[in-house]
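Enquirer: Dropping a structure here in structure tokens format, bear with me for questions.
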Amino acid sequence: MVVASIVDGDTIRVRKPGTSETTRVRLLNIDTPELNKECYADEAKQFVEGLIPEGTQVQLVYDQEQADHYGRELAGVYAGETFVNREVAAAGFAVPILVQPNTLFYEEIERAAAEAKESRRGVFAADSGCEFAGYKTQN
């Protein structure tokens, strides 16, 4: 799979090499601020764009349910050895979200987000004043 575009901090579009058809993929077990509504949304999107710019080869790893009710694929996204879902949480741009029955990545993401919170990165910065919907449910 190849990254076609970054929709926001927790959703990307991928394309199979040699095709023009794209698929929406929701990064499983993370929740980032919503674009045009919540603080740090642009920063979360830019962070993902920096990790996996358009054209980057990625591997999708699925848990039990492979799609959500919006038709997006639910996956762990890897670029080489880099686990993108975890990196977004570690940078402080996402909180862990449990999407039952998909628990494969949850604990790793939860640890990364806790480290970001302790280190006051991203939405957890002391002066951020940020409380997006996902953050509120975590506190």
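Scheme for the structure tokens: letters A, B, ... for chains in order shown; per-chain residue numbers from 1; ligand numbers from 1 in order shown.
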Which range 12-73 of chain A residues have any atom within 7 Å of an atom of range 80-98 of chain A, and for each, what is the nearest pair of atoms with distance in Å to one decimal, counting only C-alpha atoms, rows sorted by chain and number, as CSV?

Expert:
```
residue,atom,partner,partner_atom,distance
A:Leu27,CA,A:Asn85,CA,5.9
A:Asn29,CA,A:Ile97,CA,4.8
A:Ile30,CA,A:Pro96,CA,4.7
A:Asp31,CA,A:Ala94,CA,5.2
A:Thr32,CA,A:Ala94,CA,4.5
A:Ala44,CA,A:Phe93,CA,5.3
```

Enquirer: Within chain A, find each residue whose DSSP state, derived from the backbone, is strand (DSSP E), and express the selection as a ChimeraX atom specification.

Expert: /A:2-8,11-15,22-27,30-31,59-61,73-79,82-83,95-96

Enquirer: Take the residues that were just selected and, keeping C-alpha atoms, output them as an mmCIF file, in the first residue's frame.

Expert:
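Contents of selection-v7.cif, as written:
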```cif
data_model
loop_
_atom_site.group_PDB
_atom_site.id
_atom_site.type_symbol
_atom_site.label_atom_id
_atom_site.label_comp_id
_atom_site.auth_asym_id
_atom_site.auth_seq_id
_atom_site.Cartn_x
_atom_site.Cartn_y
_atom_site.Cartn_z
ATOM 1 C CA VAL A 2 1.086 3.563 -0.691
ATOM 2 C CA VAL A 3 -0.066 6.690 1.152
ATOM 3 C CA ALA A 4 -2.297 8.705 -1.190
ATOM 4 C CA SER A 5 -3.134 11.494 1.290
ATOM 5 C CA ILE A 6 -3.439 12.412 4.943
ATOM 6 C CA VAL A 7 -7.043 13.264 5.833
ATOM 7 C CA ASP A 8 -6.382 14.255 9.456
ATOM 8 C CA THR A 11 -7.257 9.006 9.067
ATOM 9 C CA ILE A 12 -5.302 8.454 5.857
ATOM 10 C CA ARG A 13 -6.027 7.360 2.306
ATOM 11 C CA VAL A 14 -3.978 4.529 0.810
ATOM 12 C CA ARG A 15 -3.667 3.164 -2.702
ATOM 13 C CA THR A 22 -7.979 4.808 -2.723
ATOM 14 C CA THR A 23 -9.221 3.443 0.586
ATOM 15 C CA ARG A 24 -9.787 5.406 3.802
ATOM 16 C CA VAL A 25 -7.949 3.971 6.787
ATOM 17 C CA ARG A 26 -8.626 4.967 10.399
ATOM 18 C CA LEU A 27 -5.548 4.561 12.586
ATOM 19 C CA ILE A 30 -6.048 6.512 18.626
ATOM 20 C CA ASP A 31 -8.220 9.617 18.647
ATOM 21 C CA GLN A 59 1.774 -1.905 5.795
ATOM 22 C CA LEU A 60 -1.673 -2.227 7.345
ATOM 23 C CA VAL A 61 -2.117 -4.614 10.266
ATOM 24 C CA GLU A 73 -10.612 0.280 7.311
ATOM 25 C CA LEU A 74 -9.349 0.033 10.911
ATOM 26 C CA ALA A 75 -5.641 -0.730 11.091
ATOM 27 C CA GLY A 76 -2.288 -0.321 12.673
ATOM 28 C CA VAL A 77 -0.159 1.528 10.121
ATOM 29 C CA TYR A 78 3.537 0.746 9.767
ATOM 30 C CA ALA A 79 6.118 2.536 7.644
ATOM 31 C CA THR A 82 7.761 2.813 12.532
ATOM 32 C CA PHE A 83 4.365 2.163 14.106
ATOM 33 C CA VAL A 95 -5.297 9.765 23.142
ATOM 34 C CA PRO A 96 -5.916 6.021 23.254
#
```

Enquirer: Kindly give the distance, in Å, that separates CA of Gly18 in chain A and CA of Gln64 in chain A, rounded to a single decimal.

Expert: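 We find that CA of Gly18 in chain A and CA of Gln64 in chain A lie 28.1 Å from each other.
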
Enquirer: Using only C-alpha atoms, which of the listed residues (A:Glu43, A:Glu49, A:Glu38, A:Glu54) sits closest to Arg121 in chain A?

Expert: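 Smallest distance to Arg121 in chain A is found for A:Glu43.
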
Enquirer: Between CA of Gly71 in chain A and CA of Arg111 in chain A, what is the distance in Å, rounded to a tenth?

Expert: 28.3 Å

Enquirer: Hey, can you check how far CA of Asp63 in chain A sits from CA of Val48 in chain A?

Expert: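 Going from CA of Asp63 in chain A over to CA of Val48 in chain A covers 21.3 Å.
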
Enquirer: Taking the chain letters and numbering used in this document, name the residues of range 15-75 of chain A that DSSP puts in helix (DSSP H, G or I), as a list in words.

Expert: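 Going through range 15-75 of chain A, the helix (DSSP H, G or I) residues come out as Ala41, Asp42, Glu43, Ala44, Lys45, Gln46, Phe47, Val48, Glu49, Gly50 and Leu51 of chain A.
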